[in-house]
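Asker: My questions all concern the structure below.
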Amino acid sequence: MTTTSPPEAETTGRPEPPPGARNRRIVLTLVIAVFFAWGVTGLDVSVDRLRSAPGDAWDIVRLMWPPAFGNVIERGVVGKVFESVYVAWVGTLIGAAISLPLAFLASNNVTPRFIRLPVQQLFNVIRAVPELIIAMVLLSVVPLGPWAGTLALGFNSVGTLGKLSSEEIENADRGPVEAVEACGGRWVSSVRWGLLPQVMPVIVSYWLFRFEINVRASAVLGLIGAGGVGSELVSQLNFRNFPEVGAVLAMTVAMVVFIDTVSSAVRRRIIRGADTSDDPNRMLELLRDLGGRRGDD
């Protein structure tokens with residue numbers, strides 16, 4: 001009795017690649033390499049400059065050591081660091097409050113096309129303008145200070161949070177919404193009891209993630225006088241006070257790392273809590289609550 005050896009794909013357990021897949025990968029790799037080389041030539045970067053860059057960076061780091069924490073604390077830099085946090089926090093709240101209702105208007109499972117498309121394009125326009133440009137425009141309207149940075153971060157956050165939130169709403173389960181409608185609930189009730197409990201944990205995690213981004217962005221906005229620790233950093237750089245620059249940078253990095261760590265832990269906890277929302281008893285409680293409200297009416 002003769003036996004035939006199995007194909008290589010069966011012995012390895014891997015599916016055979018489609019014909020021409022290897023050639024497509026090679027062509028794609030070559031295209032990426034060509035565009036990368038084209039981009040590098042456009043940057044006008046020389047080999048000598050690349051070789052000297054690590055040494056130049058190390059020279060600057062040596063000038064900033066040891067950091068002069070005492071001098072910057074006397075200048076009130078700690079207050080500037082917290083000012084960056086305030087700017088980021090209030091800007092995030094502004095963006096969250098405006099983006100949440102707009103996100104429902106931009107979702108294809110909530111609103112009709114003639115309402116959805118303009119709101120989606122509004123998100124695209126907002127995201128296309130960096131917060132630094134928005135702050136520079138606002139500085140001609142409002143005085144120098146943290147309020148301009150807060151408005152810039154809040155306006156820019158609307159585009160990002162609205163886009164992410166609308167996608168989460170579109171991916172929500174349709175079952176709870178249909179259950180609310182079957183009980184006689186109206187459109188507002190279906191959104192309130194069918195969609196909102198599903199998407200809010202993830203949307204809140206988006207808000208926290210955007211807060212992390214705004215904390216870093218608020219330090220940059222201070223460079224143009226829009227509040228935050230960036231203004232102090234520019235002042236010390238102009239006077240070539242590198243030990244003070246090192247202290248300001250160290251305090252800023254410590255603040256950002258601390259906020260990122262706490263925010264990441266909170267976001268993980270929120271997401272883990274959202275996993276329990278699929279419990280059928282939860283939906284029954286919502287429907288009973290809805291029926292009780294209608295009975296009271």
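Residue numbers start at 1 in each chain; chains themselves are named A, B, ... in the order of the structure tokens; ligands are numbered from 1 in the order shown.
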Would you write out, as a tab-separated table, a table of all residues in region 122-206 of chain A that have an atom no more than 12 Å from an atom of region 109-115 of chain A, listing for each the closest atom pair and the distance in Å to one decimal, considering only C-alpha atoms and ordering rows by chain and rising residue number?

Answerer:
```
residue	atom	partner	partner_atom	distance
A:Leu122	CA	A:Ile115	CA	11.3
A:Ser166	CA	A:Asn109	CA	9.7
A:Glu167	CA	A:Asn109	CA	10.2
A:Glu168	CA	A:Asn109	CA	11.0
A:Ile169	CA	A:Asn109	CA	7.9
A:Glu170	CA	A:Asn109	CA	5.9
A:Asn171	CA	A:Asn109	CA	8.9
A:Ala172	CA	A:Asn109	CA	9.1
A:Asp173	CA	A:Asn109	CA	10.4
A:Arg174	CA	A:Asn109	CA	8.8
A:Val177	CA	A:Val110	CA	10.4
A:Glu178	CA	A:Asn109	CA	12.0
A:Trp187	CA	A:Val110	CA	8.8
A:Val188	CA	A:Val110	CA	10.2
A:Ser190	CA	A:Val110	CA	9.8
A:Val191	CA	A:Val110	CA	8.0
A:Arg192	CA	A:Val110	CA	11.7
A:Gly194	CA	A:Val110	CA	11.4
A:Leu195	CA	A:Val110	CA	9.5
A:Leu196	CA	A:Val110	CA	11.7
```

Asker: Can you spit out the residues from that selection as a compact mmCIF listing (two decimals), in the first residue's frame, using N, CA and C atoms?

Answerer:
```txt
# COMPACT_ATOMS: atom_id res chain seq x y z
N LEU A 122 -18.05 68.58 9.83
CA LEU A 122 -17.61 69.52 10.86
C LEU A 122 -16.49 68.93 11.69
N SER A 166 -18.78 58.90 17.88
CA SER A 166 -19.77 58.51 16.87
C SER A 166 -19.49 57.11 16.35
N GLU A 167 -18.23 56.75 16.18
CA GLU A 167 -17.91 55.40 15.73
C GLU A 167 -18.31 54.37 16.78
N GLU A 168 -18.12 54.70 18.06
CA GLU A 168 -18.53 53.78 19.11
C GLU A 168 -20.05 53.63 19.14
N ILE A 169 -20.78 54.70 18.92
CA ILE A 169 -22.24 54.63 18.89
C ILE A 169 -22.72 53.78 17.72
N GLU A 170 -22.06 53.92 16.57
CA GLU A 170 -22.45 53.13 15.40
C GLU A 170 -22.21 51.64 15.60
N ASN A 171 -21.20 51.29 16.42
CA ASN A 171 -20.89 49.88 16.66
C ASN A 171 -21.69 49.29 17.82
N ALA A 172 -22.56 50.06 18.43
CA ALA A 172 -23.34 49.57 19.57
C ALA A 172 -24.34 48.51 19.13
N ASP A 173 -24.71 47.65 20.07
CA ASP A 173 -25.67 46.59 19.80
C ASP A 173 -27.06 47.18 19.59
N ARG A 174 -27.72 46.73 18.55
CA ARG A 174 -29.05 47.24 18.22
C ARG A 174 -30.14 46.61 19.07
N VAL A 177 -31.85 48.75 21.87
CA VAL A 177 -32.66 49.83 21.28
C VAL A 177 -34.00 49.26 20.81
N GLU A 178 -33.98 48.13 20.15
CA GLU A 178 -35.22 47.51 19.68
C GLU A 178 -36.10 47.08 20.84
N TRP A 187 -37.95 57.85 20.52
CA TRP A 187 -36.57 57.95 20.05
C TRP A 187 -35.63 58.37 21.17
N VAL A 188 -36.05 59.35 21.96
CA VAL A 188 -35.21 59.82 23.05
C VAL A 188 -35.00 58.71 24.08
N SER A 190 -35.10 55.46 23.51
CA SER A 190 -34.23 54.41 22.96
C SER A 190 -32.77 54.81 23.01
N VAL A 191 -32.50 56.10 22.79
CA VAL A 191 -31.11 56.57 22.89
C VAL A 191 -30.66 56.57 24.35
N ARG A 192 -31.55 57.04 25.24
CA ARG A 192 -31.18 57.15 26.66
C ARG A 192 -30.97 55.79 27.30
N GLY A 194 -31.19 52.60 25.56
CA GLY A 194 -30.66 51.54 24.70
C GLY A 194 -29.23 51.76 24.25
N LEU A 195 -28.86 53.01 23.93
CA LEU A 195 -27.52 53.28 23.43
C LEU A 195 -26.58 53.83 24.50
N LEU A 196 -27.05 54.80 25.25
CA LEU A 196 -26.16 55.50 26.18
C LEU A 196 -25.50 54.57 27.20
```

Asker: Could you name the residues that touch Leu221 (chain A) at 10 Å or less, counting only C-alpha atoms, but leaving out those on the same chain fewer than 6 positions away, as a list in words?

Answerer: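 With the cut-off at 10 Å, the set is Ser84, Val87, Glu131, Leu132, Ile133, Ala135, Met136, Gly145, Pro146, Ala148, Gly149, Thr150, Ala152, Leu153, Asn214, Gly227, Gly228, Val229, Gly230 and Ser231 of chain A.
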